[in-house]
$ cat final_21.csv   # CSV, C-alpha atoms
chain,number,residue,atom,x,y,z
R,267,MET,CA,-20.8,12.8,0.4
R,268,LEU,CA,-20.7,9.1,-0.6
R,269,GLU,CA,-18.5,7.5,2.2
R,270,GLY,CA,-21.4,5.5,3.6
R,271,LYS,CA,-21.7,3.7,0.2
R,272,ALA,CA,-18.1,2.5,0.0
R,273,LEU,CA,-17.5,-1.3,0.1
R,274,ILE,CA,-14.2,-2.2,1.9
R,275,GLU,CA,-12.6,-5.2,0.1
R,276,ASP,CA,-9.5,-5.5,2.4
R,277,THR,CA,-7.7,-3.4,5.0
R,278,ASP,CA,-5.4,-3.5,8.0
R,279,MET,CA,-6.0,0.2,8.9
R,280,PRO,CA,-7.5,1.3,12.2
R,281,ALA,CA,-11.2,2.1,11.9
R,282,LYS,CA,-10.8,5.9,12.3
R,283,MET,CA,-8.3,5.9,9.4
R,284,GLN,CA,-10.6,3.8,7.3
R,285,ILE,CA,-13.3,6.4,7.7
R,286,GLN,CA,-10.9,9.2,6.8
R,287,ALA,CA,-9.9,7.2,3.6
R,288,MET,CA,-13.5,6.9,2.5
R,289,ALA,CA,-14.3,10.5,3.4
R,290,SER,CA,-11.2,11.7,1.4
R,291,ALA,CA,-12.2,9.6,-1.6
R,292,SER,CA,-15.8,11.0,-1.4
R,293,GLU,CA,-14.5,14.6,-1.2
R,294,ALA,CA,-12.2,14.0,-4.2
R,295,LEU,CA,-15.2,12.7,-6.2
R,296,ASP,CA,-17.2,15.8,-5.3
R,297,LEU,CA,-14.3,18.0,-6.6
R,298,TYR,CA,-13.2,16.1,-9.7
R,299,ASP,CA,-14.9,14.2,-12.5
R,300,VAL,CA,-15.0,10.4,-12.0
R,301,VAL,CA,-12.9,9.9,-15.1
R,302,ASP,CA,-10.1,12.1,-13.8
R,303,CYS,CA,-8.5,9.4,-11.7
R,304,LYS,CA,-5.1,11.1,-11.5
R,305,SER,CA,-6.6,14.2,-9.8
R,306,VAL,CA,-8.7,12.1,-7.5
R,307,ALA,CA,-5.6,10.0,-6.4
R,308,ALA,CA,-3.5,13.2,-6.0
R,309,HIS,CA,-6.2,14.7,-3.7
R,310,ILE,CA,-6.3,11.6,-1.5
R,311,LYS,CA,-2.5,11.3,-1.3
R,312,LYS,CA,-2.1,15.0,-0.4
R,313,ASP,CA,-4.8,14.6,2.3
R,314,PHE,CA,-3.1,11.5,3.8
R,315,ASP,CA,0.4,13.0,3.6
R,316,SER,CA,-0.8,16.1,5.5
R,317,ARG,CA,-2.7,14.1,8.2
R,318,TYR,CA,-0.4,11.2,8.7
R,319,GLY,CA,3.0,12.2,7.4
R,320,GLY,CA,4.6,11.7,4.0
R,321,GLY,CA,5.1,8.5,2.0
R,322,TRP,CA,1.4,7.7,1.2
R,323,GLN,CA,0.5,6.1,-2.2
R,324,CYS,CA,-2.9,6.1,-3.8
R,325,VAL,CA,-4.1,4.2,-6.9
R,326,VAL,CA,-7.5,4.9,-8.3
R,327,GLY,CA,-9.2,3.2,-11.3
R,328,SER,CA,-11.8,0.8,-12.6
R,329,SER,CA,-9.4,-2.0,-13.4
R,330,PHE,CA,-5.8,-2.4,-12.1
R,331,GLY,CA,-3.5,-4.9,-10.5
R,332,CYS,CA,-0.5,-4.4,-8.3
R,333,PHE,CA,2.0,-5.9,-5.9
R,334,PHE,CA,3.4,-3.8,-3.1
R,335,THR,CA,4.9,-3.7,0.3
R,336,HIS,CA,3.3,-1.5,2.9
R,337,SER,CA,3.8,-0.4,6.5
R,338,LYS,CA,1.6,-2.4,8.9
R,339,GLY,CA,-1.7,-0.7,9.7
R,340,THR,CA,-1.7,1.6,6.6
R,341,PHE,CA,-3.5,-0.4,3.8
R,342,ILE,CA,-7.0,-0.1,2.5
R,343,TYR,CA,-8.7,-1.3,-0.7
R,344,PHE,CA,-12.3,-0.3,-1.3
R,345,THR,CA,-14.8,0.5,-4.0
R,346,LEU,CA,-16.8,3.7,-4.2
R,347,GLU,CA,-19.1,4.6,-7.1
R,348,THR,CA,-17.5,2.8,-10.1
R,349,LEU,CA,-13.9,3.2,-8.9
R,350,ASN,CA,-11.5,1.1,-6.9
R,351,PHE,CA,-9.2,2.8,-4.4
R,352,LEU,CA,-6.0,1.5,-3.0
R,353,ILE,CA,-4.3,3.6,-0.4
R,354,PHE,CA,-1.2,2.6,1.5
R,355,LYS,CA,2.0,3.9,3.1
R,356,GLY,CA,5.1,2.5,1.6
R,357,ALA,CA,7.3,0.3,3.8
R,358,SER,CA,10.7,1.7,4.5
R,359,SER,CA,13.5,-0.6,3.8
R,360,PRO,CA,17.1,-0.3,4.9
R,361,LEU,CA,19.6,1.1,2.4
R,362,ILE,CA,22.0,-1.6,1.3
R,363,LEU,CA,25.4,-0.4,0.1
$ encode --input "final_21.csv" --output "structure tokens"
Amino acid sequence: MLEGKALIEDTDMPAKMQIQAMASASEALDLYDVVDCKSVAAHIKKDFDSRYGGGWQCVVGSSFGCFFTHSKGTFIYFTLETLNFLIFKGASSPLIL
């Protein structure tokens, strides 16, 4: 397990959820090759969806940029090994007809 070696870059998640995010990422890296970012991200998303309800998004890679809107208290961006992890729950917006 590598969660103690993660470097949090930015977050608004509660501490307990931050620990779960890093543990889930570490577990995914134990199960999948570091170059299989798609499977790593899918593993983390599935874990967060089952623990905290649906709507979670996960981006994993060595170099990426993004712009997104998230629900308050559900965002974390951290580095583990050679990868960057972005996990967040999408913000719900009202349907405009």
$ residues_around --input "final_21.csv" --residues "Cys324 of chain R" --least-positions-apart "6" --cutoff "12 Å" --atoms "all atoms listed in the file" --output "number ranges by chain"
R: 287, 290-291, 303-315, 332, 334, 336, 340-344, 350-356
$ atom_distance --input "final_21.csv" --atom1 "atom CA of Thr348 of chain R" --atom2 "atom CA of Val326 of chain R"
10.4 Å
$ atom_distance --input "final_21.csv" --atom1 "atom CA of Asp299 of chain R" --atom2 "atom CA of Asp278 of chain R"
28.7 Å
$ atom_distance --input "final_21.csv" --atom1 "atom CA of Gln286 of chain R" --atom2 "atom CA of Arg317 of chain R"
9.7 Å
$ closest_residue --input "final_21.csv" --among "R:Ser316, R:Gly339, R:Lys271, R:Trp322" --to "Ala289 of chain R" --atoms "only C-alpha atoms"
R:Lys271
$ closest_residue --input "final_21.csv" --among "R:Ala357, R:Ala294, R:Met288, R:Ala281" --to "Thr335 of chain R" --atoms "all atoms listed in the file"
R:Ala357
$ decode --input "final_21.csv" --residues "chain R" --atoms "C-alpha atoms" --output "PDB file, in the first residue's frame"
ATOM      1  CA  MET R 267       0.000   0.000   0.000  1.00  0.00           C
ATOM      2  CA  LEU R 268       1.302   3.404  -1.029  1.00  0.00           C
ATOM      3  CA  GLU R 269      -1.267   5.833   0.434  1.00  0.00           C
ATOM      4  CA  GLY R 270       1.262   7.263   2.922  1.00  0.00           C
ATOM      5  CA  LYS R 271       3.406   8.404  -0.008  1.00  0.00           C
ATOM      6  CA  ALA R 272       0.726  10.477  -1.745  1.00  0.00           C
ATOM      7  CA  LEU R 273       1.131  14.233  -2.054  1.00  0.00           C
ATOM      8  CA  ILE R 274      -2.139  16.175  -1.900  1.00  0.00           C
ATOM      9  CA  GLU R 275      -2.021  19.179  -4.217  1.00  0.00           C
ATOM     10  CA  ASP R 276      -5.520  20.534  -3.547  1.00  0.00           C
ATOM     11  CA  THR R 277      -8.722  19.329  -1.887  1.00  0.00           C
ATOM     12  CA  ASP R 278     -11.938  20.345  -0.198  1.00  0.00           C
ATOM     13  CA  MET R 279     -12.811  16.785   0.929  1.00  0.00           C
ATOM     14  CA  PRO R 280     -13.181  15.836   4.575  1.00  0.00           C
ATOM     15  CA  ALA R 281     -10.059  14.130   5.948  1.00  0.00           C
ATOM     16  CA  LYS R 282     -11.677  10.683   6.169  1.00  0.00           C
ATOM     17  CA  MET R 283     -12.688  10.820   2.499  1.00  0.00           C
ATOM     18  CA  GLN R 284      -9.182  12.007   1.525  1.00  0.00           C
ATOM     19  CA  ILE R 285      -7.707   8.944   3.213  1.00  0.00           C
ATOM     20  CA  GLN R 286     -10.174   6.724   1.334  1.00  0.00           C
ATOM     21  CA  ALA R 287      -9.240   8.372  -1.984  1.00  0.00           C
ATOM     22  CA  MET R 288      -5.549   7.679  -1.467  1.00  0.00           C
ATOM     23  CA  ALA R 289      -6.228   4.125  -0.235  1.00  0.00           C
ATOM     24  CA  SER R 290      -8.416   3.421  -3.260  1.00  0.00           C
ATOM     25  CA  ALA R 291      -5.727   4.767  -5.620  1.00  0.00           C
ATOM     26  CA  SER R 292      -3.073   2.659  -3.896  1.00  0.00           C
ATOM     27  CA  GLU R 293      -5.263  -0.440  -4.139  1.00  0.00           C
ATOM     28  CA  ALA R 294      -5.868   0.223  -7.846  1.00  0.00           C
ATOM     29  CA  LEU R 295      -2.122   0.523  -8.464  1.00  0.00           C
ATOM     30  CA  ASP R 296      -1.631  -2.823  -6.690  1.00  0.00           C
ATOM     31  CA  LEU R 297      -4.204  -4.426  -9.034  1.00  0.00           C
ATOM     32  CA  TYR R 298      -3.355  -2.751 -12.358  1.00  0.00           C
ATOM     33  CA  ASP R 299      -0.219  -1.744 -14.213  1.00  0.00           C
ATOM     34  CA  VAL R 300       0.723   1.913 -13.763  1.00  0.00           C
ATOM     35  CA  VAL R 301       0.312   2.503 -17.517  1.00  0.00           C
ATOM     36  CA  ASP R 302      -3.294   1.194 -17.442  1.00  0.00           C
ATOM     37  CA  CYS R 303      -4.757   4.533 -16.302  1.00  0.00           C
ATOM     38  CA  LYS R 304      -8.235   3.677 -17.616  1.00  0.00           C
ATOM     39  CA  SER R 305      -8.549   0.613 -15.347  1.00  0.00           C
ATOM     40  CA  VAL R 306      -7.060   2.491 -12.378  1.00  0.00           C
ATOM     41  CA  ALA R 307      -9.581   5.333 -12.811  1.00  0.00           C
ATOM     42  CA  ALA R 308     -12.490   2.891 -13.279  1.00  0.00           C
ATOM     43  CA  HIS R 309     -11.526   1.066 -10.067  1.00  0.00           C
ATOM     44  CA  ILE R 310     -11.486   4.313  -8.051  1.00  0.00           C
ATOM     45  CA  LYS R 311     -14.769   5.546  -9.569  1.00  0.00           C
ATOM     46  CA  LYS R 312     -16.496   2.248  -8.796  1.00  0.00           C
ATOM     47  CA  ASP R 313     -15.205   2.342  -5.203  1.00  0.00           C
ATOM     48  CA  PHE R 314     -16.408   5.919  -4.636  1.00  0.00           C
ATOM     49  CA  ASP R 315     -19.769   5.292  -6.333  1.00  0.00           C
ATOM     50  CA  SER R 316     -20.392   2.316  -4.033  1.00  0.00           C
ATOM     51  CA  ARG R 317     -19.246   4.112  -0.862  1.00  0.00           C
ATOM     52  CA  TYR R 318     -20.657   7.600  -1.413  1.00  0.00           C
ATOM     53  CA  GLY R 319     -23.391   7.255  -4.062  1.00  0.00           C
ATOM     54  CA  GLY R 320     -23.220   7.668  -7.836  1.00  0.00           C
ATOM     55  CA  GLY R 321     -21.912  10.565  -9.864  1.00  0.00           C
ATOM     56  CA  TRP R 322     -18.176  10.350  -9.097  1.00  0.00           C
ATOM     57  CA  GLN R 323     -15.587  11.116 -11.750  1.00  0.00           C
ATOM     58  CA  CYS R 324     -11.926  10.124 -11.770  1.00  0.00           C
ATOM     59  CA  VAL R 325      -9.096  11.267 -14.023  1.00  0.00           C
ATOM     60  CA  VAL R 326      -5.715   9.519 -13.810  1.00  0.00           C
ATOM     61  CA  GLY R 327      -2.608  10.343 -15.817  1.00  0.00           C
ATOM     62  CA  SER R 328       0.836  11.833 -15.883  1.00  0.00           C
ATOM     63  CA  SER R 329      -0.128  15.026 -17.701  1.00  0.00           C
ATOM     64  CA  PHE R 330      -3.620  16.466 -18.115  1.00  0.00           C
ATOM     65  CA  GLY R 331      -5.587  19.642 -17.687  1.00  0.00           C
ATOM     66  CA  CYS R 332      -9.250  20.147 -17.018  1.00  0.00           C
ATOM     67  CA  PHE R 333     -11.999  22.520 -16.024  1.00  0.00           C
ATOM     68  CA  PHE R 334     -14.991  21.201 -14.101  1.00  0.00           C
ATOM     69  CA  THR R 335     -17.731  21.991 -11.620  1.00  0.00           C
ATOM     70  CA  HIS R 336     -18.017  19.821  -8.525  1.00  0.00           C
ATOM     71  CA  SER R 337     -20.189  19.409  -5.476  1.00  0.00           C
ATOM     72  CA  LYS R 338     -18.729  21.114  -2.415  1.00  0.00           C
ATOM     73  CA  GLY R 339     -16.613  18.789  -0.255  1.00  0.00           C
ATOM     74  CA  THR R 340     -16.013  16.189  -2.989  1.00  0.00           C
ATOM     75  CA  PHE R 341     -12.806  17.274  -4.740  1.00  0.00           C
ATOM     76  CA  ILE R 342      -9.246  16.000  -4.372  1.00  0.00           C
ATOM     77  CA  TYR R 343      -6.178  16.267  -6.583  1.00  0.00           C
ATOM     78  CA  PHE R 344      -3.093  14.331  -5.528  1.00  0.00           C
ATOM     79  CA  THR R 345       0.043  12.640  -6.836  1.00  0.00           C
ATOM     80  CA  LEU R 346       0.980   9.035  -6.124  1.00  0.00           C
ATOM     81  CA  GLU R 347       3.901   7.231  -7.750  1.00  0.00           C
ATOM     82  CA  THR R 348       4.271   8.891 -11.165  1.00  0.00           C
ATOM     83  CA  LEU R 349       0.557   9.581 -11.627  1.00  0.00           C
ATOM     84  CA  ASN R 350      -1.802  12.444 -10.855  1.00  0.00           C
ATOM     85  CA  PHE R 351      -5.288  11.662  -9.551  1.00  0.00           C
ATOM     86  CA  LEU R 352      -8.315  13.917  -9.789  1.00  0.00           C
ATOM     87  CA  ILE R 353     -11.461  12.657  -8.066  1.00  0.00           C
ATOM     88  CA  PHE R 354     -14.663  14.661  -7.754  1.00  0.00           C
ATOM     89  CA  LYS R 355     -18.418  14.345  -7.693  1.00  0.00           C
ATOM     90  CA  GLY R 356     -20.110  16.293 -10.439  1.00  0.00           C
ATOM     91  CA  ALA R 357     -22.326  19.185  -9.422  1.00  0.00           C
ATOM     92  CA  SER R 358     -25.972  18.755 -10.207  1.00  0.00           C
ATOM     93  CA  SER R 359     -27.478  21.591 -12.154  1.00  0.00           C
ATOM     94  CA  PRO R 360     -31.162  22.322 -12.698  1.00  0.00           C
ATOM     95  CA  LEU R 361     -32.675  21.216 -15.975  1.00  0.00           C
ATOM     96  CA  ILE R 362     -33.509  24.213 -18.143  1.00  0.00           C
ATOM     97  CA  LEU R 363     -36.343  23.683 -20.595  1.00  0.00           C
TER      98      LEU R 363
END
